[in-house]
Structure formats: structure tokens, C-alpha cells
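What's in query-v8.cif: mmCIF, C-alpha atoms and all ligand atoms
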```cif
data_structure
#
loop_
_atom_site.label_atom_id
_atom_site.label_comp_id
_atom_site.auth_asym_id
_atom_site.auth_seq_id
_atom_site.Cartn_x
_atom_site.Cartn_y
_atom_site.Cartn_z
CA MET A 694 24.93 -17.20 10.28
CA ILE A 695 26.03 -15.42 7.11
CA TYR A 696 23.86 -16.00 4.09
CA PHE A 697 25.91 -14.27 1.40
CA PRO A 698 29.48 -15.19 2.38
CA ASN A 699 30.93 -14.39 -1.04
CA VAL A 700 29.59 -10.85 -1.27
CA GLU A 701 31.00 -7.81 0.50
CA LYS A 702 29.04 -4.62 1.04
CA VAL A 703 28.14 -3.52 -2.49
CA ALA A 704 30.08 -0.37 -3.43
CA PHE A 705 29.94 2.11 -6.28
CA GLU A 706 32.69 1.19 -8.75
CA GLY A 707 31.56 3.00 -11.89
CA LYS A 708 30.64 1.87 -15.38
CA ARG A 709 33.86 0.07 -16.20
CA THR A 710 33.93 -2.38 -13.33
CA ASP A 711 33.56 -6.06 -14.11
CA ASN A 712 32.51 -6.86 -10.55
CA PRO A 713 28.85 -7.96 -10.78
CA PHE A 714 28.35 -7.09 -7.09
CA ALA A 715 29.13 -3.40 -7.57
CA PHE A 716 27.01 -0.40 -8.45
CA ARG A 717 27.88 1.04 -11.82
CA HIS A 718 25.55 4.05 -11.55
CA TYR A 719 24.09 4.25 -8.05
CA ASN A 720 26.45 6.24 -5.89
CA ALA A 721 24.59 6.81 -2.62
CA GLU A 722 26.42 9.97 -1.54
CA GLU A 723 26.74 11.60 -4.98
CA VAL A 724 24.80 14.85 -5.17
CA VAL A 725 22.35 15.17 -8.06
CA ALA A 726 20.04 18.19 -8.34
CA GLY A 727 20.83 19.37 -4.81
CA LYS A 728 20.39 16.11 -2.89
CA THR A 729 22.30 12.87 -2.55
CA MET A 730 21.09 9.95 -4.64
CA LYS A 731 20.20 8.15 -1.43
CA GLU A 732 17.93 11.01 -0.34
CA HIS A 733 16.22 11.19 -3.73
CA LEU A 734 15.68 7.50 -4.15
CA ARG A 735 14.77 6.21 -0.67
CA PHE A 736 14.98 2.58 -1.83
CA ALA A 737 13.18 -0.15 0.06
CA VAL A 738 13.35 -3.95 -0.19
CA ALA A 739 10.05 -5.86 -0.12
CA TYR A 740 10.00 -8.73 2.35
CA TRP A 741 7.50 -10.80 0.37
CA HIS A 742 9.30 -11.05 -2.95
CA THR A 743 12.76 -11.28 -1.47
CA MET A 744 12.19 -13.56 1.52
CA THR A 745 9.10 -15.65 0.80
CA GLN A 746 8.92 -16.27 -2.97
CA ASP A 747 9.84 -19.82 -3.86
CA GLY A 748 9.89 -19.54 -7.65
CA SER A 749 6.80 -21.68 -8.23
CA ASP A 750 4.32 -20.72 -10.94
CA PRO A 751 0.91 -22.15 -11.90
CA PHE A 752 2.66 -24.87 -13.89
CA GLY A 753 5.82 -25.47 -11.95
CA ASN A 754 7.19 -26.31 -8.54
CA PRO A 755 9.55 -24.11 -6.53
CA THR A 756 13.00 -23.48 -8.02
CA ASN A 757 14.57 -21.01 -5.60
CA ILE A 758 17.48 -22.14 -3.46
CA ARG A 759 17.08 -20.43 -0.08
CA THR A 760 19.43 -21.32 2.73
CA TRP A 761 17.28 -19.85 5.51
CA GLU A 762 14.78 -22.71 5.70
CA GLY A 763 14.73 -23.94 9.32
CA ALA A 764 13.25 -26.93 11.16
CA SER A 765 10.03 -25.09 12.04
CA GLU A 766 8.10 -22.18 10.58
CA MET A 767 9.17 -19.97 13.46
CA GLU A 768 12.81 -20.92 13.01
CA THR A 769 12.58 -20.06 9.30
CA ALA A 770 10.92 -16.75 10.19
CA LYS A 771 13.80 -15.88 12.53
CA ASN A 772 16.45 -16.91 10.00
CA ARG A 773 14.74 -14.72 7.44
CA VAL A 774 15.12 -11.65 9.65
CA GLU A 775 18.89 -12.30 9.85
CA ALA A 776 19.19 -12.82 6.11
CA PHE A 777 16.96 -9.85 5.28
CA PHE A 778 19.06 -7.41 7.25
CA GLU A 779 22.21 -8.85 5.70
CA ILE A 780 20.69 -8.09 2.27
CA LEU A 781 19.68 -4.55 3.28
CA GLU A 782 23.08 -3.82 4.75
CA LYS A 783 25.03 -5.29 1.85
CA LEU A 784 22.96 -3.28 -0.61
CA GLY A 785 23.09 -0.12 1.49
CA VAL A 786 19.28 0.07 1.33
CA GLU A 787 17.86 1.93 4.31
CA TYR A 788 14.16 1.03 4.13
CA PHE A 789 11.98 -2.06 3.95
CA CYS A 790 8.32 -3.04 3.60
CA PHE A 791 6.35 -6.11 4.66
CA HIS A 792 2.94 -7.73 5.05
CA ASP A 793 2.17 -9.25 8.46
CA ILE A 794 2.15 -12.79 7.09
CA ASP A 795 5.50 -12.33 5.36
CA ILE A 796 7.34 -12.00 8.64
CA ALA A 797 5.50 -14.42 10.94
CA PRO A 798 3.57 -17.69 10.57
CA GLU A 799 -0.20 -17.43 11.04
CA GLY A 800 -0.32 -20.38 13.46
CA ASP A 801 -3.63 -21.95 14.47
CA SER A 802 -5.44 -18.91 15.83
CA LEU A 803 -5.44 -15.15 15.61
CA ALA A 804 -3.97 -14.99 19.12
CA GLU A 805 -1.09 -17.25 18.08
CA PHE A 806 -0.51 -15.15 14.95
CA PHE A 807 -0.28 -12.01 17.07
CA GLN A 808 2.15 -13.73 19.43
CA ASN A 809 4.36 -14.76 16.51
CA ILE A 810 4.26 -11.21 15.15
CA ASP A 811 5.32 -9.83 18.54
CA GLU A 812 8.25 -12.21 18.76
CA ILE A 813 9.48 -11.51 15.23
CA THR A 814 9.01 -7.74 15.44
CA ASP A 815 11.13 -7.77 18.62
CA LEU A 816 13.91 -9.28 16.52
CA ILE A 817 13.30 -6.84 13.67
CA LYS A 818 13.39 -3.92 16.07
CA GLU A 819 16.72 -5.07 17.48
CA LYS A 820 18.13 -5.22 13.95
CA MET A 821 16.72 -1.79 13.14
CA ASP A 822 18.29 -0.30 16.24
CA GLN A 823 21.66 -1.88 15.41
CA THR A 824 21.70 -0.80 11.76
CA GLY A 825 19.63 2.40 11.54
CA ILE A 826 17.50 0.77 8.84
CA LYS A 827 13.92 2.07 8.83
CA LEU A 828 10.43 0.81 8.07
CA LEU A 829 9.00 2.51 4.97
CA TRP A 830 5.65 0.76 5.34
CA ASN A 831 3.90 -2.34 6.48
CA THR A 832 0.49 -3.67 5.58
CA ALA A 833 -1.91 -6.46 6.48
CA ASN A 834 -2.24 -9.34 4.04
CA MET A 835 -6.01 -9.61 3.76
CA PHE A 836 -6.12 -11.57 0.54
CA SER A 837 -4.21 -14.88 0.77
CA ASN A 838 -6.04 -16.77 3.51
CA PRO A 839 -9.24 -18.59 2.36
CA ARG A 840 -11.25 -16.54 4.90
CA TYR A 841 -10.90 -13.66 2.44
CA VAL A 842 -12.64 -15.54 -0.36
CA HIS A 843 -15.41 -12.89 -0.48
CA GLY A 844 -13.17 -9.94 0.33
CA ALA A 845 -11.83 -8.36 3.53
CA ALA A 846 -13.47 -5.04 4.47
CA SER A 847 -15.74 -5.60 1.45
CA SER A 848 -16.66 -9.15 2.49
CA SER A 849 -20.33 -10.13 2.61
CA ASN A 850 -19.49 -11.76 5.95
CA ALA A 851 -19.32 -9.33 8.91
CA ASP A 852 -17.07 -11.72 10.88
CA VAL A 853 -14.49 -11.29 8.16
CA PHE A 854 -14.79 -7.51 8.43
CA ALA A 855 -14.07 -7.84 12.16
CA TYR A 856 -11.08 -10.11 11.52
CA SER A 857 -9.71 -7.58 9.01
CA ALA A 858 -10.11 -4.83 11.59
CA ALA A 859 -8.07 -6.89 14.07
CA GLN A 860 -5.29 -7.36 11.51
CA VAL A 861 -5.23 -3.64 10.75
CA LYS A 862 -5.12 -2.77 14.45
CA LYS A 863 -2.15 -5.10 14.88
CA GLY A 864 -0.58 -3.59 11.77
CA LEU A 865 -0.78 -0.13 13.29
CA ASP A 866 0.54 -1.37 16.62
CA ILE A 867 3.64 -2.78 14.94
CA SER A 868 3.93 0.31 12.75
CA LYS A 869 4.15 2.31 15.96
CA LYS A 870 6.59 -0.14 17.54
CA LEU A 871 8.89 0.03 14.50
CA GLY A 872 8.38 3.71 13.67
CA GLY A 873 6.74 3.03 10.29
CA GLU A 874 6.67 6.15 8.11
CA ASN A 875 3.69 5.00 5.99
CA TYR A 876 0.98 2.38 6.24
CA VAL A 877 -0.38 0.72 3.07
CA PHE A 878 -3.74 -0.72 2.10
CA TRP A 879 -3.90 -2.78 -1.06
CA GLY A 880 -7.28 -4.34 -1.77
CA GLY A 881 -6.51 -7.47 -3.74
CA ARG A 882 -9.83 -9.00 -2.67
CA GLU A 883 -11.71 -5.72 -2.40
CA GLY A 884 -13.58 -6.16 -5.63
CA TYR A 885 -15.99 -8.63 -7.14
CA GLU A 886 -16.27 -11.75 -9.23
CA SER A 887 -19.83 -11.02 -10.34
CA LEU A 888 -22.13 -8.02 -9.99
CA LEU A 889 -25.11 -10.40 -9.89
CA ASN A 890 -24.58 -10.96 -6.16
CA THR A 891 -22.64 -7.82 -5.20
CA ASP A 892 -23.83 -4.80 -3.21
CA MET A 893 -21.19 -2.41 -4.51
CA LYS A 894 -22.35 0.56 -2.45
CA LEU A 895 -22.32 -1.32 0.87
CA GLU A 896 -18.94 -2.88 0.08
CA GLN A 897 -17.32 0.46 -0.68
CA ASP A 898 -18.95 2.13 2.33
CA ASN A 899 -17.49 -0.65 4.47
CA ILE A 900 -14.00 -0.29 3.05
CA ALA A 901 -14.15 3.43 3.91
CA ARG A 902 -15.40 2.51 7.40
CA LEU A 903 -12.34 0.37 8.00
CA PHE A 904 -10.07 3.20 6.80
CA LYS A 905 -11.75 5.66 9.14
CA MET A 906 -11.32 3.23 12.03
CA ALA A 907 -7.61 3.02 11.13
CA ILE A 908 -7.24 6.82 11.14
CA ALA A 909 -9.06 7.04 14.48
CA TYR A 910 -6.94 4.27 16.02
CA GLY A 911 -3.72 5.90 14.81
CA GLU A 912 -4.79 9.11 16.51
CA LYS A 913 -5.69 7.23 19.66
CA ILE A 914 -2.28 5.57 19.99
CA GLY A 915 -0.46 8.73 18.94
CA HIS A 916 1.04 7.25 15.79
CA LYS A 917 0.30 8.92 12.50
CA PRO A 918 1.93 7.25 9.51
CA GLN A 919 1.05 8.56 6.05
CA PHE A 920 -1.76 6.22 4.93
CA LEU A 921 -1.40 4.98 1.37
CA LEU A 922 -3.89 3.27 -0.89
CA GLU A 923 -2.46 1.19 -3.73
CA PRO A 924 -4.51 0.93 -6.92
CA LYS A 925 -4.63 -2.19 -9.07
CA PRO A 926 -7.45 -2.89 -11.53
CA MET A 927 -7.61 -6.68 -11.34
CA GLU A 928 -5.66 -9.76 -10.22
CA PRO A 929 -6.45 -11.62 -8.10
CA SER A 930 -10.06 -10.36 -8.37
CA LYS A 931 -11.78 -9.92 -11.71
CA HIS A 932 -12.46 -6.31 -10.81
CA GLN A 933 -10.86 -4.38 -7.96
CA TYR A 934 -12.46 -1.16 -6.72
CA ASP A 935 -9.19 0.79 -6.57
CA PHE A 936 -8.87 0.40 -10.33
CA ASP A 937 -6.32 3.13 -11.03
CA ALA A 938 -5.13 6.46 -9.61
CA ALA A 939 -8.16 8.42 -10.83
CA THR A 940 -10.73 5.90 -9.56
CA THR A 941 -8.93 5.63 -6.24
CA MET A 942 -8.89 9.42 -5.86
CA ALA A 943 -12.64 9.51 -6.49
CA PHE A 944 -13.03 7.02 -3.63
CA ILE A 945 -10.70 8.97 -1.34
CA GLN A 946 -12.57 12.20 -2.03
CA LYS A 947 -16.04 10.70 -1.82
CA TYR A 948 -15.31 9.49 1.71
CA GLY A 949 -13.40 12.60 2.78
CA LEU A 950 -10.08 10.78 3.29
CA GLU A 951 -7.85 13.31 1.46
CA GLY A 952 -6.25 14.60 4.62
CA ASP A 953 -4.91 11.19 5.64
CA PHE A 954 -4.51 9.17 2.45
CA LYS A 955 -2.21 9.39 -0.55
CA LEU A 956 -1.47 6.89 -3.28
CA ASN A 957 1.11 4.14 -3.48
CA LEU A 958 1.53 3.63 -7.21
CA GLU A 959 3.00 0.52 -8.80
CA ALA A 960 4.37 0.48 -12.33
CA ASN A 961 3.00 -2.93 -13.29
CA HIS A 962 -0.45 -2.05 -11.91
CA ALA A 963 -0.53 0.96 -14.21
CA THR A 964 0.04 -1.25 -17.24
CA LEU A 965 -2.68 -3.64 -16.07
CA ALA A 966 -5.05 -0.65 -15.97
CA GLY A 967 -4.12 0.24 -19.55
CA HIS A 968 -2.02 3.24 -18.54
CA THR A 969 1.63 4.15 -18.62
CA PHE A 970 3.22 4.60 -15.20
CA GLU A 971 3.79 8.29 -16.03
CA HIS A 972 0.06 8.64 -16.50
CA GLU A 973 -0.63 7.32 -13.01
CA LEU A 974 2.10 9.48 -11.46
CA THR A 975 0.80 12.56 -13.25
CA VAL A 976 -2.78 11.93 -12.13
CA ALA A 977 -1.57 11.56 -8.54
CA ARG A 978 0.37 14.80 -8.78
CA CYS A 979 -2.67 16.63 -10.12
CA TYR A 980 -4.41 15.66 -6.87
CA ASP A 981 -1.33 16.36 -4.73
CA ALA A 982 -1.52 12.72 -3.71
CA LEU A 983 1.70 11.09 -4.87
CA GLY A 984 2.72 9.20 -1.74
CA SER A 985 5.12 6.40 -2.63
CA ILE A 986 5.93 4.01 -5.44
CA ASP A 987 6.24 0.28 -5.89
CA ALA A 988 9.00 -0.08 -8.43
CA ASN A 989 8.83 -2.91 -10.92
CA GLN A 990 7.96 -3.46 -14.56
CA GLY A 991 5.62 -5.70 -16.51
CA ASP A 992 6.18 -7.54 -19.74
CA VAL A 993 4.39 -6.06 -22.74
CA LEU A 994 3.84 -9.53 -24.13
CA LEU A 995 2.22 -10.86 -20.94
CA GLY A 996 -1.01 -9.54 -19.54
CA TRP A 997 -0.35 -10.05 -15.85
CA ASP A 998 1.52 -8.63 -12.86
CA THR A 999 4.93 -10.15 -13.55
CA ASP A 1000 6.60 -7.81 -11.02
CA GLU A 1001 9.95 -7.79 -12.81
CA PHE A 1002 12.84 -5.76 -11.48
CA PRO A 1003 12.92 -2.38 -13.27
CA THR A 1004 15.60 -2.35 -15.97
CA ASN A 1005 14.04 0.02 -18.50
CA ILE A 1006 15.84 3.39 -18.43
CA TYR A 1007 13.16 5.14 -20.45
CA ASP A 1008 10.57 4.32 -17.80
CA THR A 1009 12.75 5.12 -14.78
CA THR A 1010 13.69 8.46 -16.36
CA LEU A 1011 10.07 9.51 -16.76
CA THR A 1012 9.27 8.16 -13.29
CA MET A 1013 12.10 10.11 -11.68
CA TYR A 1014 11.07 13.21 -13.62
CA GLU A 1015 7.62 13.02 -12.01
CA ILE A 1016 9.22 12.48 -8.60
CA LEU A 1017 11.44 15.53 -9.07
CA GLU A 1018 8.42 17.55 -10.17
CA ASN A 1019 6.71 16.36 -7.02
CA GLY A 1020 9.51 17.86 -4.94
CA GLY A 1021 10.62 14.35 -3.93
CA ILE A 1022 8.84 11.25 -2.70
CA ALA A 1023 9.41 11.46 1.10
CA PRO A 1024 7.99 10.25 3.43
CA GLY A 1025 7.33 7.65 0.71
CA GLY A 1026 10.05 5.83 -1.13
CA ILE A 1027 10.91 3.54 -4.01
CA ASN A 1028 9.98 0.05 -2.89
CA PHE A 1029 11.13 -2.83 -5.07
CA ASP A 1030 7.85 -4.72 -5.33
CA SER A 1031 9.76 -6.93 -7.73
CA LYS A 1032 10.71 -10.57 -7.87
CA VAL A 1033 13.51 -12.48 -9.49
CA ARG A 1034 12.54 -14.62 -12.47
CA ARG A 1035 12.01 -18.32 -11.83
CA SER A 1036 15.23 -19.08 -13.67
CA SER A 1037 17.26 -16.73 -11.43
CA PHE A 1038 17.09 -19.15 -8.54
CA GLU A 1039 20.37 -18.65 -6.73
CA MET A 1040 20.62 -16.71 -3.48
CA GLU A 1041 22.97 -14.17 -5.03
CA ASP A 1042 20.41 -13.33 -7.72
CA LEU A 1043 18.52 -11.46 -4.99
CA LEU A 1044 21.45 -9.06 -4.73
CA LEU A 1045 22.10 -8.86 -8.47
CA ALA A 1046 18.43 -8.06 -9.13
CA HIS A 1047 18.35 -5.23 -6.61
CA ILE A 1048 21.64 -3.85 -7.92
CA ALA A 1049 20.11 -3.84 -11.43
CA GLY A 1050 17.01 -2.01 -10.20
CA MET A 1051 19.02 0.51 -8.17
CA ASP A 1052 21.39 1.23 -11.06
CA THR A 1053 18.46 1.66 -13.45
CA PHE A 1054 16.81 4.15 -11.09
CA ALA A 1055 20.11 6.00 -10.58
CA ARG A 1056 20.39 6.43 -14.35
CA GLY A 1057 16.77 7.55 -14.47
CA LEU A 1058 17.44 10.09 -11.74
CA LYS A 1059 20.45 11.53 -13.55
CA ALA A 1060 18.62 11.77 -16.87
CA ALA A 1061 15.59 13.32 -15.19
CA ALA A 1062 17.75 15.87 -13.38
CA ALA A 1063 19.35 16.85 -16.70
CA LEU A 1064 15.93 17.19 -18.34
CA LYS A 1065 14.86 19.45 -15.52
CA GLU A 1066 18.06 21.45 -15.53
CA ASP A 1067 17.70 22.04 -19.28
CA ARG A 1068 14.00 22.88 -18.87
CA PHE A 1069 13.34 20.28 -21.57
CA PHE A 1070 9.68 19.67 -20.74
CA ASP A 1071 9.17 23.10 -19.13
CA ASP A 1072 10.08 24.96 -22.30
CA LEU A 1073 8.11 22.56 -24.45
CA LYS A 1074 4.97 23.04 -22.40
CA GLU A 1075 5.48 26.74 -21.88
CA LYS A 1076 5.62 27.22 -25.62
CA ARG A 1077 2.69 24.89 -26.28
CA TYR A 1078 0.36 26.69 -23.85
CA ALA A 1079 1.65 30.21 -24.50
CA SER A 1080 -1.77 31.34 -25.73
CA TYR A 1081 -3.01 31.23 -22.11
CA THR A 1082 -0.42 33.73 -20.92
CA LYS A 1083 -1.68 36.67 -22.96
CA GLY A 1084 -4.77 38.13 -24.57
CA ILE A 1085 -7.98 36.12 -24.41
CA GLY A 1086 -6.20 33.05 -22.96
CA ALA A 1087 -4.96 34.99 -19.94
CA LYS A 1088 -8.53 36.18 -19.34
CA ILE A 1089 -9.92 32.63 -19.61
CA VAL A 1090 -7.58 31.28 -16.96
CA ALA A 1091 -8.24 34.31 -14.77
CA ASP A 1092 -11.94 33.27 -14.91
CA GLU A 1093 -12.88 36.63 -16.41
CA GLU A 1094 -14.77 35.27 -19.44
CA ASP A 1095 -18.15 33.61 -19.99
CA LEU A 1096 -19.95 31.95 -22.90
CA GLU A 1097 -21.34 35.25 -24.19
CA SER A 1098 -18.09 37.18 -24.10
CA LEU A 1099 -16.24 34.25 -25.72
CA THR A 1100 -18.87 33.98 -28.42
CA ALA A 1101 -18.32 37.64 -29.23
CA TYR A 1102 -14.56 36.96 -29.34
CA ALA A 1103 -14.91 33.82 -31.51
CA LEU A 1104 -17.13 35.63 -34.03
CA GLU A 1105 -14.28 38.12 -34.59
CA ASN A 1106 -11.49 35.48 -34.46
CA ASP A 1107 -12.73 32.43 -36.34
CA ASP A 1108 -9.73 32.13 -38.61
CA ILE A 1109 -7.82 29.71 -36.36
CA THR A 1110 -4.14 28.75 -36.77
CA ASN A 1111 -2.73 25.75 -34.87
CA GLU A 1112 0.90 24.79 -34.52
CA SER A 1113 2.46 21.36 -35.07
CA SER A 1114 3.64 19.42 -32.00
CA HIS A 1115 6.75 18.09 -33.81
CA LEU A 1116 6.35 15.11 -31.48
CA GLU A 1117 8.79 12.85 -33.34
CA PHE A 1118 11.50 15.48 -32.96
CA VAL A 1119 10.69 15.76 -29.25
CA LYS A 1120 11.00 12.01 -28.75
CA SER A 1121 14.29 11.83 -30.56
CA ARG A 1122 15.67 14.69 -28.46
CA LEU A 1123 14.49 12.92 -25.31
CA ASN A 1124 16.54 9.88 -26.36
CA ASP A 1125 19.67 12.02 -26.18
CA TYR A 1126 19.21 12.19 -22.40
CA LEU A 1127 19.03 8.44 -21.93
CA VAL A 1128 22.45 7.34 -23.09
C1 LIG B 1 0.16 -6.84 -5.38
C2 LIG B 1 0.54 -5.65 -4.63
C3 LIG B 1 0.99 -5.89 -3.21
C4 LIG B 1 1.01 -4.61 -2.45
C5 LIG B 1 1.03 -4.77 -0.97
O1 LIG B 1 0.04 -6.84 -6.60
O2 LIG B 1 1.51 -4.95 -5.35
O3 LIG B 1 2.23 -6.52 -3.19
O4 LIG B 1 2.06 -3.79 -2.82
O5 LIG B 1 0.01 -5.56 -0.53
NI NI B 2 2.62 -3.30 -4.70
NI NI B 3 1.76 -5.77 -7.67
#
```
For this file, write the structure as C-alpha cells.
Ligand code: XLS
Ligand code: NI
Ligand code: NI
Amino acid sequence: MIYFPNVEKVAFEGKRTDNPFAFRHYNAEEVVAGKTMKEHLRFAVAYWHTMTQDGSDPFGNPTNIRTWEGASEMETAKNRVEAFFEILEKLGVEYFCFHDIDIAPEGDSLAEFFQNIDEITDLIKEKMDQTGIKLLWNTANMFSNPRYVHGAASSSNADVFAYSAAQVKKGLDISKKLGGENYVFWGGREGYESLLNTDMKLEQDNIARLFKMAIAYGEKIGHKPQFLLEPKPMEPSKHQYDFDAATTMAFIQKYGLEGDFKLNLEANHATLAGHTFEHELTVARCYDALGSIDANQGDVLLGWDTDEFPTNIYDTTLTMYEILENGGIAPGGINFDSKVRRSSFEMEDLLLAHIAGMDTFARGLKAAAALKEDRFFDDLKEKRYASYTKGIGAKIVADEEDLESLTAYALENDDITNESSHLEFVKSRLNDYLV
């Protein structure tokens, strides 16, 4: 069955095309800053938003028209695999991501769930072999089912911890089966509603225990994906432990997980934490822990995770600049953890939305490459911190000074001159790169 009969494989047609199903900026094979766009961007489609969202919201019923609904849950799951690979192929996207429950129905028991997963991943594997499309990452959904009401690895109920462990084991088994390049943990229920009844230390120790079990199991089965931990400060929990990049790094370091874990950063989670996305990316880079990104954007007027497709060039430019500074994002990628608005309910909107996101990232990449080529930020920062390259500054960063020697210096040099940042000028110059 063909799900998008009116759309051919989406091609690059340039800015002037009036074909809505064409790329106007993303040109997969075009070389930018030494690599093809495809290699830089490593786009992935997210199974959950694309295949399982129905358009409902807390006040409204489903709106999305989806032609893959079958007579049974398993039939729908199989149809979705067909449709998903048609979307990936038509978009020319080479990676995808999923949660276990996105691809297969949970059934009536854990054993049945595992059976369903095996059957569907057989199908997925066939499609992967036929198309060369790869698994960027998978993860276990340990937040939707009511059993996770008190958390997963952080649950007060040890039986729930055990169930989580079983889901993670299965997640790693299918990661091996499908050659997953990364494996994600996102702790939507790893947090608390009230501190009055929460043992924070035990809960965090237990989360780390599950991660260590995952590392050990990966070693045992000879499959070592890059493990990624995805911060988010709140939603669905009131407070989530992996609040932001810095908090999550403190956790990773406290439990000695630096060798195996990096961060999967999501734009809209940054805004929920009161940060810009660039802030989160920069923090991760400072720790050499930028693993992968979940690309989307929030709405400044709404305080929640709206997961909109990224269409803001300013943001994608600064994002791509950080990725270039990082020397690329591989083995991570740019996963569209984004969903179409409730009013974009037609099947073809799924393609239009991804095209919009891909074009916006392509423009961001080009602008970022130009900023790097021109040494826009490099020169700015070099000039701003020049005092550390000579004289007393050079000695400070060479760790040759102490409080006494610096006091002696300051007593002689207390007539201090600072320079203006000219920040408004900088911002207006930056705008020149965006259009
Ligand atoms: C939810 C998260 C989730 C993770 C994977 O806000 O972004 O989708 O990416 O569990
Ligand atoms: Ni995400
Ligand atoms: Ni999210």
C-alpha cells in the first residue's frame, strides 16, 4: 500500500520553486564546510510524533487523518512500518528513532509485549536492509503506562524497578538487532510530585544502578551504542531530576558514567528550564558531552513542551554553529522530536512539516558555516579575552600566580580600564548572516 500517492521523492529545487514538496534549501549532496549537508545534519524522524500522534489535546478529540489504521492493533502497527519507511524514503532521511511502545502494542502481558516487539522489529529490519536507513536511537517508554505512576527506576516500588530493567534489556536487544548507534534514556517520571514523601538520594542511586546495569548488559551482548541522557526540567512530573544539561552532567559525574553517557539535548526542554538552546549546547560542549539533539521549538507565549517543528533560522543558525564547533554531531544526529499542529491534520502535512524543519536547518548550517569561515565569533572572543594572552593574564591561565602575587600586581595596577562589548552592533552584524 502507498500512503502518499501524490508525492514523489522530495528533491532539491531551490528557492524559486513553487512545488511545496521540494526542498528549497536542503540539498543533501551539496558540500558545505567540507562535508555534505547530509553528513552534517544526520536527520532522523521520530516514530512517536509522526506515527502515533492523533492530534488530541486536553480539550479536544483527535483531528489527524491517518490512513494506516487497521482492524487490529497489530495490523495498525504493521501498516505504520510501511508508511514510516515511505516517509523516510520520500524525505531522503536516513535515520529514525522510536520508543518501544511506539512500534508495538503492549498487549496483556510483558511476554506478549516482547513478542509483538520481535514481530515488528523483524519487519523494521527487513525495511532497513532494503533501504539502507539506519536506527539513530531507540528508548524504552517508562512513563506512559499507569505502572509508572511513582516513577520507573526511581519508583518507590521495587517491582516497577524490575519491570523497567526488563524493558531496558529488551531495548538493548533490539538496539543490537537493528544496529542502533545510540540508546536514549529520558526520565519523564524520574522526579517527584512532593518532597514530603520522597527519598531523593535512594531514587537517584537507583536510577544510576539501572544505567550501570545497561552498560554491563551492553558489554555482555557485545553491543555498545553511545548512551544518551536527555534532560528536561518538568512535564510530566513537577520536578525531573535531569533538570538541564548542567544538572544532568553533575549526575553523570557523581556516578562515574562519563565514559558511557553523553547528552541528548532538546530545544524545547532548554526553554522549559529557562535557558536558550545555545546555552544547553554550550554547557554540553564544555563537558565534551554533546551527544545528539532533539530538534524542535517551543512557543514563547506558552509555557509547555509544544514540540513544534523548527522554523526559526536564528535558532538553527546558533545550534548549527555549536554543532560545527563540536566537530559534528555523529554518532548522534538531528532528530525531529516535533509534531504537526492540531490544525495540520492531513497526511501530507507530515511531509511538509519535515521539509520545513530540514530547510530551516539547512539554512542554519549555511549561515553557521559562513560565521565560522569569517571567524565572526572567533575574532570577537579572541579580542574580548586578549588580556589572557599576554602579561599577567597569560601567567594566570598558566597557573603561575597566587593570591599574594596577584595582590602585589593589583596594588600597582589599580587604575582599571574596561572596553565596551558593542553588543548591539554585534547582533546587527549577526543578522547579516541570516538572510
Ligand atoms: C519528551 C521527550 C521524549 C524523549 C524520548 O518530552 O522529548 O520524547 O525524547 O523519550
Ligand atoms: Ni526528546
Ligand atoms: Ni520533549
Problem - Contacts with ligand NI 3 (chain B) at most 7 Å, all atoms listed in the file counted, listed as number ranges by chain - result: A: 959, 961-962, 998, 1000, 1030
I'd like the neighbourhood of region 1121-1123 of chain A as a PDB file with C-alpha atoms, in the frame of the given file, where a residue qualifies if any of its atoms comes within 10 Å (using only C-alpha atoms), though same-chain residues fewer than 2 positions away should be ignored.
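This went into around.pdb:
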```pdb
ATOM      1  CA  TYR A1007      13.160   5.140 -20.450  1.00  0.00           C
ATOM      2  CA  ALA A1060      18.620  11.770 -16.870  1.00  0.00           C
ATOM      3  CA  LEU A1064      15.930  17.190 -18.340  1.00  0.00           C
ATOM      4  CA  PHE A1069      13.340  20.280 -21.570  1.00  0.00           C
ATOM      5  CA  PHE A1070       9.680  19.670 -20.740  1.00  0.00           C
ATOM      6  CA  LEU A1116       6.350  15.110 -31.480  1.00  0.00           C
ATOM      7  CA  GLU A1117       8.790  12.850 -33.340  1.00  0.00           C
ATOM      8  CA  PHE A1118      11.500  15.480 -32.960  1.00  0.00           C
ATOM      9  CA  VAL A1119      10.690  15.760 -29.250  1.00  0.00           C
ATOM     10  CA  ASP A1125      19.670  12.020 -26.180  1.00  0.00           C
ATOM     11  CA  TYR A1126      19.210  12.190 -22.400  1.00  0.00           C
ATOM     12  CA  LEU A1127      19.030   8.440 -21.930  1.00  0.00           C
ATOM     13  CA  VAL A1128      22.450   7.340 -23.090  1.00  0.00           C
TER      14      VAL A1128
END
```
Practice task
List the neighbours of Ala804 (chain A) out to 12 Å using all atoms listed in the file; skip same-chain residues closer than 5 positions along the sequence, and give me the result as JSON, numbers by chain.
Solution key: {"A": [798, 799, 809, 810, 811, 856, 859, 860, 863]}
Restricting it to C-alpha atoms, dump the selection as an mmCIF file, in the coordinates of the input.
```
data_model
loop_
_atom_site.group_PDB
_atom_site.id
_atom_site.type_symbol
_atom_site.label_atom_id
_atom_site.label_comp_id
_atom_site.auth_asym_id
_atom_site.auth_seq_id
_atom_site.Cartn_x
_atom_site.Cartn_y
_atom_site.Cartn_z
ATOM 1 C CA PRO A 798 3.570 -17.690 10.570
ATOM 2 C CA GLU A 799 -0.200 -17.430 11.040
ATOM 3 C CA ASN A 809 4.360 -14.760 16.510
ATOM 4 C CA ILE A 810 4.260 -11.210 15.150
ATOM 5 C CA ASP A 811 5.320 -9.830 18.540
ATOM 6 C CA TYR A 856 -11.080 -10.110 11.520
ATOM 7 C CA ALA A 859 -8.070 -6.890 14.070
ATOM 8 C CA GLN A 860 -5.290 -7.360 11.510
ATOM 9 C CA LYS A 863 -2.150 -5.100 14.880
#
```
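CA of Met893 (chain A) is positioned 21.9 Å from CA of Asn834 (chain A).
For the pair CA of Ser749 (chain A) and CA of Thr999 (chain A), the separation is 12.8 Å.
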